[in-house]
>>> print(open('coords-v8.txt').read())   # compact mmCIF, C-alpha atoms and all ligand atoms
# COMPACT_ATOMS: atom_id res chain seq x y z
CA LEU A 1 239.28 170.01 112.02
CA ASN A 2 238.47 167.13 114.28
CA GLY A 3 239.55 163.95 112.58
CA PRO A 4 239.74 160.22 113.24
CA PRO A 5 242.81 159.10 115.20
CA ARG A 6 246.01 158.38 113.32
CA GLY A 7 246.61 154.76 112.41
CA ASP A 8 249.49 152.73 113.78
CA ARG A 9 251.41 152.56 110.51
CA THR A 10 251.92 154.24 107.14
CA ARG A 11 249.27 153.29 104.60
CA ILE A 12 250.51 153.23 101.00
CA MET A 13 247.67 153.98 98.60
CA VAL A 14 247.79 153.93 94.82
CA VAL A 15 245.21 155.87 92.82
CA ALA A 16 244.96 154.06 89.51
CA ASN A 17 242.72 153.52 86.50
CA GLN A 18 244.19 153.24 83.02
CA LYS A 19 241.39 155.40 81.67
CA GLY A 20 242.24 159.07 81.42
CA GLY A 21 239.97 161.77 82.77
CA VAL A 22 238.20 159.70 85.42
CA GLY A 23 239.40 161.85 88.34
CA LYS A 24 242.60 160.14 89.48
CA THR A 25 244.59 163.33 89.92
CA THR A 26 241.70 165.35 91.27
CA SER A 27 240.96 162.62 93.81
CA THR A 28 244.62 162.20 94.77
CA VAL A 29 245.17 165.85 95.60
CA ASN A 30 241.82 166.47 97.25
CA LEU A 31 241.83 163.29 99.34
CA ALA A 32 245.40 164.12 100.34
CA ALA A 33 244.41 167.67 101.28
CA GLY A 34 241.34 166.39 103.12
CA LEU A 35 243.38 163.87 105.09
CA ALA A 36 245.94 166.56 105.90
CA GLN A 37 243.19 168.89 107.13
CA LEU A 38 241.95 166.06 109.35
CA GLY A 39 245.36 165.89 111.01
CA GLN A 40 246.91 163.02 109.07
CA ARG A 41 250.45 163.36 107.72
CA VAL A 42 250.43 162.79 104.01
CA LEU A 43 252.97 162.35 101.22
CA VAL A 44 251.75 162.63 97.62
CA ILE A 45 253.92 161.04 94.94
CA ASP A 46 253.18 162.31 91.44
CA LEU A 47 253.84 159.52 88.97
CA ASP A 48 252.27 161.14 85.90
CA PRO A 49 254.68 162.93 83.52
CA GLN A 50 251.98 165.58 83.03
CA GLY A 51 252.57 166.67 86.62
CA ASN A 52 248.95 167.71 87.16
CA ALA A 53 249.03 166.73 90.83
CA SER A 54 252.17 168.83 91.29
CA THR A 55 250.41 171.79 89.68
CA ALA A 56 247.33 171.44 91.87
CA LEU A 57 249.50 171.23 94.99
CA ASN A 58 251.43 174.33 93.91
CA VAL A 59 254.89 172.76 93.82
CA ASP A 60 257.57 173.51 91.27
CA HIS A 61 257.90 170.87 88.57
CA HIS A 62 259.82 172.36 85.70
CA ARG A 63 262.25 170.05 83.89
CA GLY A 64 265.23 169.27 86.12
CA THR A 65 263.43 169.75 89.46
CA PRO A 66 264.21 166.82 91.83
CA SER A 67 261.31 164.48 91.11
CA THR A 68 259.98 160.95 90.73
CA TYR A 69 262.20 160.66 87.66
CA ASP A 70 265.25 160.75 89.94
CA ILE A 71 263.77 158.04 92.14
CA LEU A 72 262.88 155.68 89.33
CA VAL A 73 265.71 156.22 86.89
CA GLU A 74 268.60 157.54 89.01
CA GLY A 75 267.84 155.55 92.16
CA ALA A 76 267.66 158.73 94.27
CA ALA A 77 266.38 158.57 97.85
CA LEU A 78 262.89 159.84 98.64
CA GLU A 79 264.31 162.32 101.19
CA ASP A 80 266.20 164.09 98.43
CA VAL A 81 263.18 164.80 96.27
CA ILE A 82 260.42 165.56 98.80
CA THR A 83 259.18 169.11 98.95
CA ASP A 84 256.62 170.96 101.11
CA CYS A 85 253.18 171.83 99.85
CA PRO A 86 253.07 175.57 100.53
CA ASP A 87 249.38 175.69 101.47
CA LEU A 88 248.96 172.60 103.66
CA PRO A 89 251.35 172.02 106.55
CA ASN A 90 250.73 168.26 106.90
CA LEU A 91 251.30 167.60 103.23
CA LYS A 92 254.53 166.81 101.38
CA VAL A 93 254.97 166.16 97.70
CA VAL A 94 257.30 164.39 95.32
CA PRO A 95 256.67 166.26 92.06
CA ALA A 96 256.70 164.81 88.57
CA THR A 97 258.44 166.55 85.69
CA ILE A 98 258.11 165.94 81.98
CA ASP A 99 261.42 164.01 82.23
CA LEU A 100 259.29 161.14 83.52
CA ALA A 101 257.84 160.70 80.04
CA GLY A 102 261.08 158.98 79.02
CA ALA A 103 261.27 156.81 82.11
CA GLU A 104 259.22 153.91 80.73
CA ILE A 105 261.89 153.43 78.06
CA GLU A 106 264.93 154.28 80.19
CA LEU A 107 263.82 151.77 82.83
CA VAL A 108 263.76 148.85 80.42
CA SER A 109 267.44 148.14 81.01
CA VAL A 110 267.42 148.86 84.75
CA VAL A 111 267.67 146.03 87.30
CA ALA A 112 264.48 145.39 89.32
CA ARG A 113 262.80 148.06 87.25
CA GLU A 114 259.33 147.37 88.61
CA SER A 115 260.31 147.77 92.27
CA ARG A 116 262.24 151.06 92.18
CA LEU A 117 259.43 153.04 93.79
CA GLN A 118 258.76 150.39 96.42
CA ARG A 119 262.39 150.39 97.51
CA ALA A 120 262.48 154.17 97.73
CA ILE A 121 259.28 154.37 99.79
CA GLU A 122 260.26 151.60 102.16
CA ALA A 123 263.70 153.06 102.73
CA HIS A 124 262.25 156.39 103.86
CA PRO A 125 262.77 156.93 107.59
CA LEU A 126 259.21 158.26 108.11
CA VAL A 127 257.47 155.26 106.54
CA GLY A 128 256.59 152.36 108.81
CA THR A 129 254.90 151.57 112.09
CA ALA A 130 254.38 153.98 114.98
CA ALA A 131 256.63 151.78 117.10
CA GLU A 132 259.51 151.90 114.61
CA VAL A 133 259.17 155.39 113.25
CA GLY A 134 257.44 157.45 115.92
CA GLU A 135 255.15 160.46 115.81
CA ASP A 136 256.67 162.03 112.73
CA ARG A 137 255.66 159.13 110.50
CA PHE A 138 253.59 159.58 107.37
CA ASP A 139 250.09 158.23 107.88
CA PHE A 140 249.48 158.09 104.14
CA VAL A 141 251.59 157.86 101.03
CA ILE A 142 249.31 158.46 98.03
CA VAL A 143 250.55 157.79 94.51
CA ASP A 144 248.88 159.42 91.48
CA CYS A 145 249.26 157.16 88.43
CA PRO A 146 249.31 158.02 84.73
CA PRO A 147 246.46 156.80 82.48
CA SER A 148 248.15 153.57 81.36
CA LEU A 149 249.22 150.21 82.72
CA GLY A 150 252.89 150.59 81.83
CA LEU A 151 256.01 150.46 83.95
CA LEU A 152 255.14 153.62 85.91
CA THR A 153 251.80 152.28 87.11
CA LEU A 154 253.43 148.89 87.69
CA ASN A 155 255.94 150.55 90.03
CA ALA A 156 253.03 152.03 91.97
CA LEU A 157 251.20 148.69 92.20
CA VAL A 158 254.34 146.95 93.46
CA ALA A 159 254.84 149.67 96.08
CA GLY A 160 251.21 149.88 97.21
CA GLN A 161 249.18 148.18 99.89
CA GLU A 162 245.85 149.65 98.91
CA MET A 163 244.49 150.61 95.55
CA VAL A 164 241.94 153.36 95.09
CA ILE A 165 240.01 153.24 91.82
CA PRO A 166 238.13 156.38 90.84
CA ILE A 167 235.16 155.59 88.62
CA GLN A 168 233.51 158.36 86.66
CA ALA A 169 229.72 158.16 86.86
CA GLU A 170 229.32 158.11 83.08
CA TYR A 171 228.41 155.73 80.33
CA TYR A 172 231.21 153.14 79.83
CA ALA A 173 232.26 153.65 83.45
CA LEU A 174 232.96 149.96 83.99
CA GLU A 175 234.70 149.45 80.67
CA GLY A 176 238.35 148.59 81.15
CA LEU A 177 237.92 147.66 84.81
CA GLY A 178 238.28 143.97 83.97
CA GLN A 179 241.72 144.58 82.54
CA LEU A 180 242.67 146.71 85.53
CA LEU A 181 241.60 144.02 88.00
CA GLU A 182 243.47 141.36 86.01
CA THR A 183 246.60 143.47 86.27
CA VAL A 184 246.10 143.73 90.03
CA GLU A 185 245.76 139.93 90.23
CA MET A 186 248.94 139.48 88.22
CA VAL A 187 250.81 141.85 90.51
CA ARG A 188 249.44 140.09 93.60
CA LYS A 189 250.52 136.71 92.34
CA HIS A 190 254.01 137.59 91.20
CA LEU A 191 255.19 140.87 92.66
CA ASN A 192 253.23 142.16 95.67
CA GLN A 193 250.98 139.90 97.70
CA ARG A 194 249.79 142.60 100.04
CA LEU A 195 248.15 144.71 97.32
CA ARG A 196 244.36 144.86 97.50
CA VAL A 197 241.68 147.00 95.94
CA SER A 198 240.50 148.75 99.08
CA THR A 199 238.51 151.68 97.80
CA ILE A 200 236.25 152.67 94.93
CA LEU A 201 235.35 156.33 94.63
CA VAL A 202 232.53 157.47 92.36
CA THR A 203 233.53 160.78 90.78
CA MET A 204 231.85 163.49 88.71
CA TYR A 205 228.48 162.34 89.93
CA ASP A 206 225.56 164.32 88.57
CA GLY A 207 222.59 163.58 90.82
CA ARG A 208 220.14 165.05 88.31
CA THR A 209 220.64 162.29 85.77
CA ASN A 210 219.34 158.74 85.83
CA LEU A 211 222.51 157.64 84.12
CA ALA A 212 224.70 158.67 87.05
CA ALA A 213 222.37 157.00 89.55
CA ASN A 214 222.36 153.81 87.46
CA VAL A 215 226.12 153.74 87.16
CA ALA A 216 226.51 154.33 90.89
CA SER A 217 224.17 151.49 91.78
CA GLU A 218 225.87 149.18 89.30
CA VAL A 219 229.24 150.02 90.86
CA ARG A 220 227.86 149.32 94.36
CA GLU A 221 226.33 146.02 93.26
CA HIS A 222 229.60 144.95 91.82
CA PHE A 223 232.07 146.20 94.44
CA ARG A 224 229.90 146.32 97.57
CA ASP A 225 231.64 147.45 100.76
CA ILE A 226 234.70 148.96 99.20
CA VAL A 227 232.69 151.72 97.51
CA LEU A 228 232.83 154.85 99.61
CA ASP A 229 229.45 156.22 100.71
CA SER A 230 230.57 159.67 99.71
CA MET A 231 230.35 160.33 95.97
CA ILE A 232 232.06 163.33 94.41
CA PRO A 233 229.63 165.64 92.61
CA ARG A 234 230.45 167.16 89.26
CA SER A 235 231.32 170.76 90.09
CA VAL A 236 233.01 173.64 88.34
CA ARG A 237 234.74 174.62 91.59
CA VAL A 238 236.56 171.27 91.61
CA SER A 239 237.78 171.67 88.05
CA GLU A 240 238.86 175.31 88.32
CA ALA A 241 240.85 174.96 91.57
CA PRO A 242 244.05 173.64 89.86
CA SER A 243 244.33 176.74 87.68
CA TYR A 244 244.85 178.67 90.93
CA GLY A 245 247.46 176.17 92.12
CA GLN A 246 245.02 174.94 94.73
CA THR A 247 242.95 171.97 95.72
CA VAL A 248 239.24 172.63 96.06
CA MET A 249 239.76 172.05 99.81
CA THR A 250 241.48 175.43 100.14
CA TYR A 251 240.02 177.12 97.04
CA ASP A 252 236.40 176.77 98.16
CA PRO A 253 236.18 174.69 101.35
CA ALA A 254 232.42 175.07 101.72
CA SER A 255 231.61 173.92 98.17
CA PRO A 256 229.87 170.56 97.67
CA GLY A 257 232.94 169.09 95.97
CA ALA A 258 235.22 170.02 98.88
CA LEU A 259 232.75 168.68 101.45
CA ALA A 260 232.41 165.42 99.51
CA TYR A 261 236.18 164.96 99.32
CA LEU A 262 236.49 165.74 103.04
CA ALA A 263 233.82 163.13 103.82
CA ALA A 264 235.60 160.62 101.57
CA ALA A 265 238.92 161.33 103.30
CA ARG A 266 237.25 160.81 106.67
CA GLU A 267 235.82 157.47 105.52
CA ILE A 268 239.23 156.33 104.32
CA ALA A 269 240.91 157.28 107.59
CA THR A 270 238.13 155.73 109.67
CA ARG A 271 237.92 152.48 107.73
CA GLY A 272 241.64 152.01 108.01
CA SER A 273 241.85 152.47 111.74
CA LYS A 274 239.04 149.93 112.22
CA ALA A 275 240.74 147.26 110.10
P1 LIG B 1 242.70 161.75 85.53
O1 LIG B 1 243.80 162.09 86.47
O2 LIG B 1 242.06 160.43 85.82
O3 LIG B 1 243.12 161.86 84.09
P2 LIG B 1 241.56 164.28 86.33
O4 LIG B 1 241.54 164.23 87.80
O5 LIG B 1 242.67 165.05 85.71
O6 LIG B 1 241.52 162.81 85.74
O7 LIG B 1 240.16 164.83 85.86
C1 LIG B 1 239.87 164.97 84.47
C2 LIG B 1 239.18 166.31 84.23
O8 LIG B 1 237.93 166.32 84.91
C3 LIG B 1 239.97 167.48 84.77
O9 LIG B 1 239.80 168.57 83.90
C4 LIG B 1 239.31 167.77 86.11
O10 LIG B 1 239.42 169.13 86.49
C5 LIG B 1 237.87 167.39 85.82
N1 LIG B 1 237.19 166.94 87.05
C6 LIG B 1 237.59 165.97 87.90
N2 LIG B 1 236.72 165.81 88.90
C7 LIG B 1 235.71 166.70 88.68
C8 LIG B 1 234.50 167.03 89.37
N3 LIG B 1 234.14 166.40 90.49
N4 LIG B 1 233.73 168.00 88.85
C9 LIG B 1 234.08 168.64 87.70
N5 LIG B 1 235.19 168.37 87.02
C10 LIG B 1 236.02 167.42 87.49
MG MG B 2 245.83 162.46 86.10
>>> encode(input="coords-v8.txt", output="structure tokens", more="lines below")
Ligand code: ADP
Ligand code: MG
Amino acid sequence: LNGPPRGDRTRIMVVANQKGGVGKTTSTVNLAAGLAQLGQRVLVIDLDPQGNASTALNVDHHRGTPSTYDILVEGAALEDVITDCPDLPNLKVVPATIDLAGAEIELVSVVARESRLQRAIEAHPLVGTAAEVGEDRFDFVIVDCPPSLGLLTLNALVAGQEMVIPIQAEYYALEGLGQLLETVEMVRKHLNQRLRVSTILVTMYDGRTNLAANVASEVREHFRDIVLDSMIPRSVRVSEAPSYGQTVMTYDPASPGALAYLAAAREIATRGSKA
């Protein structure tokens, strides 16, 4: 696929929303796959103990597999836990295992517990500028967060430069966003000045209902330019892909959901290289 040019540095994106079921994981894996198909080099970091992103990307994540747990709790290096995504050559993955469920508690007594992920990402030899790192650099590191604002998500926000918020085009869509944005402000003030909410993605959009259209226009009124033009339609193909260990991008590339994620990935890559 013909894609936008690569940027001049690694972009670290965090996909977060403390609400469950809004499309964080689905968006993480499909945007990552879309970017990879467009020629970008992508690393997905699964930070949800459920490991749904690992499942969708078809990487092993049984208990004991080298994973984000080792990074956060054991202080392991990113190189030692990265694995290949079997279906997409430009895509690498750090899986999450159920061990991560205990990490919030185990981290309480760890020094600099909120910056463990940041240190691991920044120490990786393929993260940085084109000048420093060269052609093999990652263009994107994309972190899939759990549905909470605990220490795991905090690690992602401290590590990130850009935050992507998926918003489900449903009633109550904007509920909880105030708290999320307050958390971002707190992190900006005290822990990570470079963090900004760069992207809002409307997910599970059902164009046949007024409700979805109303939610989408409310989101655009509120967030303006950072809302991607491409909205992700509600589609069975999107939701069944993970049960085949696939993203919808390989499972059914011509389906509306896959095309929407590809368009969204293109927007993200294009916007970045303009900035
Ligand atoms: P989160 O990670 O925010 O909890 P998920 O990405 O796991 O949310 O999505 C929640 C559920 O909705 C999953 O079962 C997923 O397959 C389904 N889903 C997500 N996006 C779509 C879509 N565009 N169309 C249909 N189902 C979707
Ligand atoms: Mg999820």
>>> residues_near_ligand(input="coords-v8.txt", ligand="ligand LIG 1 (chain B)", cutoff="6 Å", atoms="only C-alpha atoms and all ligand atoms", output="PyMOL selection string")
chain A and resi 20-26+203-204+232-236+238-239
>>> residues_around(input="coords-v8.txt", residues="stretch 256-269 of chain A", least_positions_apart="6", cutoff="8 Å", atoms="all atoms listed in the file", output="list in words")
Gly3, Pro4, Arg6, Gly7, Ser27, Asn30, Leu31, Ala32, Gly34, Leu35, Leu38, Leu228, Asp229, Ser230, Met231, Ile232, Pro233, Arg234, Ser235, Arg237, Val238, Val248 and Met249 of chain A
>>> residues_near_ligand(input="coords-v8.txt", ligand="ligand MG 2 (chain B)", cutoff="12 Å", atoms="all atoms listed in the file", output="count of residues only")
36
>>> atom_distance(input="coords-v8.txt", atom1="atom CA of A:His124", atom2="atom CA of A:Leu154")
19.9 Å
>>> closest_residue(input="coords-v8.txt", among="A:Asn214, A:Asn155, A:Thr83, A:Gln246", to="A:Leu117", atoms="only C-alpha atoms")
A:Asn155
>>> closest_residue(input="coords-v8.txt", among="A:Leu157, A:Ala77, A:Val44, A:Val93", to="A:His190", atoms="only C-alpha atoms")
A:Leu157
>>> closest_residue(input="coords-v8.txt", among="A:Ile71, A:Cys85, A:Ile121, A:Val197", to="A:Leu177", atoms="all atoms listed in the file")
A:Val197
>>> atom_distance(input="coords-v8.txt", atom1="atom CA of A:Met13", atom2="atom CA of A:Leu78")
16.3 Å
>>> closest_residue(input="coords-v8.txt", among="A:Glu221, A:Asp136, A:Glu182, A:Glu162", to="A:Leu195", atoms="all atoms listed in the file")
A:Glu162
>>> residues_around(input="coords-v8.txt", residues="A:Val133", least_positions_apart="3", cutoff="12 Å", atoms="only C-alpha atoms", output="ChimeraX atom specification")
/A:8-10,122-130,136-139
>>> atom_distance(input="coords-v8.txt", atom1="atom CA of A:Asn90", atom2="atom CA of A:Val141")
12.0 Å
>>> closest_residue(input="coords-v8.txt", among="A:Val215, A:Leu72, A:Glu132, A:Gln118", to="A:Glu106", atoms="all atoms listed in the file")
A:Leu72
>>> closest_residue(input="coords-v8.txt", among="A:Ala101, A:Ala254, A:Met186, A:Ala241", to="A:Leu57", atoms="all atoms listed in the file")
A:Ala241
>>> residues_around(input="coords-v8.txt", residues="A:Arg220", least_positions_apart="2", cutoff="12 Å", atoms="all atoms listed in the file", output="MDAnalysis selection string")
chainID A and resid 167 169 174 199:202 213:218 222:231
>>> build_atoms(input="coords-v8.txt", residues="stretch 26-51 of chain A", atoms="N, CA and C atoms", output="PDB file, keeping the file's coordinate frame")
ATOM      1  N   THR A  26     242.573 164.531  90.439  1.00  0.00           N
ATOM      2  CA  THR A  26     241.700 165.350  91.270  1.00  0.00           C
ATOM      3  C   THR A  26     241.443 164.663  92.613  1.00  0.00           C
ATOM      4  N   SER A  27     241.218 163.360  92.563  1.00  0.00           N
ATOM      5  CA  SER A  27     240.960 162.620  93.810  1.00  0.00           C
ATOM      6  C   SER A  27     242.227 162.517  94.651  1.00  0.00           C
ATOM      7  N   THR A  28     243.366 162.282  94.015  1.00  0.00           N
ATOM      8  CA  THR A  28     244.620 162.200  94.770  1.00  0.00           C
ATOM      9  C   THR A  28     244.855 163.467  95.577  1.00  0.00           C
ATOM     10  N   VAL A  29     244.791 164.613  94.905  1.00  0.00           N
ATOM     11  CA  VAL A  29     245.170 165.850  95.600  1.00  0.00           C
ATOM     12  C   VAL A  29     244.114 166.269  96.625  1.00  0.00           C
ATOM     13  N   ASN A  30     242.846 166.028  96.308  1.00  0.00           N
ATOM     14  CA  ASN A  30     241.820 166.470  97.250  1.00  0.00           C
ATOM     15  C   ASN A  30     241.654 165.514  98.432  1.00  0.00           C
ATOM     16  N   LEU A  31     241.818 164.219  98.201  1.00  0.00           N
ATOM     17  CA  LEU A  31     241.830 163.290  99.340  1.00  0.00           C
ATOM     18  C   LEU A  31     243.042 163.577 100.222  1.00  0.00           C
ATOM     19  N   ALA A  32     244.175 163.831  99.574  1.00  0.00           N
ATOM     20  CA  ALA A  32     245.400 164.120 100.340  1.00  0.00           C
ATOM     21  C   ALA A  32     245.198 165.394 101.168  1.00  0.00           C
ATOM     22  N   ALA A  33     244.647 166.421 100.554  1.00  0.00           N
ATOM     23  CA  ALA A  33     244.410 167.670 101.280  1.00  0.00           C
ATOM     24  C   ALA A  33     243.396 167.465 102.399  1.00  0.00           C
ATOM     25  N   GLY A  34     242.354 166.679 102.109  1.00  0.00           N
ATOM     26  CA  GLY A  34     241.340 166.390 103.120  1.00  0.00           C
ATOM     27  C   GLY A  34     241.940 165.640 104.303  1.00  0.00           C
ATOM     28  N   LEU A  35     242.732 164.631 104.016  1.00  0.00           N
ATOM     29  CA  LEU A  35     243.380 163.870 105.090  1.00  0.00           C
ATOM     30  C   LEU A  35     244.298 164.783 105.903  1.00  0.00           C
ATOM     31  N   ALA A  36     245.032 165.641 105.204  1.00  0.00           N
ATOM     32  CA  ALA A  36     245.940 166.560 105.900  1.00  0.00           C
ATOM     33  C   ALA A  36     245.155 167.505 106.803  1.00  0.00           C
ATOM     34  N   GLN A  37     244.022 167.992 106.313  1.00  0.00           N
ATOM     35  CA  GLN A  37     243.190 168.890 107.130  1.00  0.00           C
ATOM     36  C   GLN A  37     242.630 168.165 108.356  1.00  0.00           C
ATOM     37  N   LEU A  38     242.454 166.847 108.226  1.00  0.00           N
ATOM     38  CA  LEU A  38     241.950 166.060 109.350  1.00  0.00           C
ATOM     39  C   LEU A  38     243.056 165.665 110.331  1.00  0.00           C
ATOM     40  N   GLY A  39     244.266 166.128 110.060  1.00  0.00           N
ATOM     41  CA  GLY A  39     245.360 165.890 111.010  1.00  0.00           C
ATOM     42  C   GLY A  39     246.263 164.715 110.667  1.00  0.00           C
ATOM     43  N   GLN A  40     246.043 164.114 109.490  1.00  0.00           N
ATOM     44  CA  GLN A  40     246.910 163.020 109.070  1.00  0.00           C
ATOM     45  C   GLN A  40     248.128 163.612 108.357  1.00  0.00           C
ATOM     46  N   ARG A  41     249.257 162.918 108.441  1.00  0.00           N
ATOM     47  CA  ARG A  41     250.450 163.360 107.720  1.00  0.00           C
ATOM     48  C   ARG A  41     250.529 162.617 106.400  1.00  0.00           C
ATOM     49  N   VAL A  42     250.627 163.369 105.329  1.00  0.00           N
ATOM     50  CA  VAL A  42     250.430 162.790 104.010  1.00  0.00           C
ATOM     51  C   VAL A  42     251.586 163.129 103.070  1.00  0.00           C
ATOM     52  N   LEU A  43     252.002 162.138 102.300  1.00  0.00           N
ATOM     53  CA  LEU A  43     252.970 162.350 101.220  1.00  0.00           C
ATOM     54  C   LEU A  43     252.292 161.974  99.901  1.00  0.00           C
ATOM     55  N   VAL A  44     252.255 162.913  98.967  1.00  0.00           N
ATOM     56  CA  VAL A  44     251.750 162.630  97.620  1.00  0.00           C
ATOM     57  C   VAL A  44     252.931 162.404  96.692  1.00  0.00           C
ATOM     58  N   ILE A  45     252.890 161.302  95.951  1.00  0.00           N
ATOM     59  CA  ILE A  45     253.920 161.040  94.940  1.00  0.00           C
ATOM     60  C   ILE A  45     253.269 161.143  93.564  1.00  0.00           C
ATOM     61  N   ASP A  46     253.738 162.100  92.777  1.00  0.00           N
ATOM     62  CA  ASP A  46     253.180 162.310  91.440  1.00  0.00           C
ATOM     63  C   ASP A  46     253.928 161.421  90.458  1.00  0.00           C
ATOM     64  N   LEU A  47     253.207 160.478  89.876  1.00  0.00           N
ATOM     65  CA  LEU A  47     253.840 159.520  88.970  1.00  0.00           C
ATOM     66  C   LEU A  47     253.350 159.707  87.530  1.00  0.00           C
ATOM     67  N   ASP A  48     252.737 160.848  87.263  1.00  0.00           N
ATOM     68  CA  ASP A  48     252.270 161.140  85.900  1.00  0.00           C
ATOM     69  C   ASP A  48     253.144 162.235  85.299  1.00  0.00           C
ATOM     70  N   PRO A  49     253.802 161.937  84.157  1.00  0.00           N
ATOM     71  CA  PRO A  49     254.680 162.930  83.520  1.00  0.00           C
ATOM     72  C   PRO A  49     254.003 164.284  83.293  1.00  0.00           C
ATOM     73  N   GLN A  50     252.689 164.307  83.192  1.00  0.00           N
ATOM     74  CA  GLN A  50     251.980 165.580  83.030  1.00  0.00           C
ATOM     75  C   GLN A  50     252.124 166.477  84.246  1.00  0.00           C
ATOM     76  N   GLY A  51     252.364 165.881  85.405  1.00  0.00           N
ATOM     77  CA  GLY A  51     252.570 166.670  86.620  1.00  0.00           C
ATOM     78  C   GLY A  51     251.351 167.456  87.082  1.00  0.00           C
TER      79      GLY A  51
END
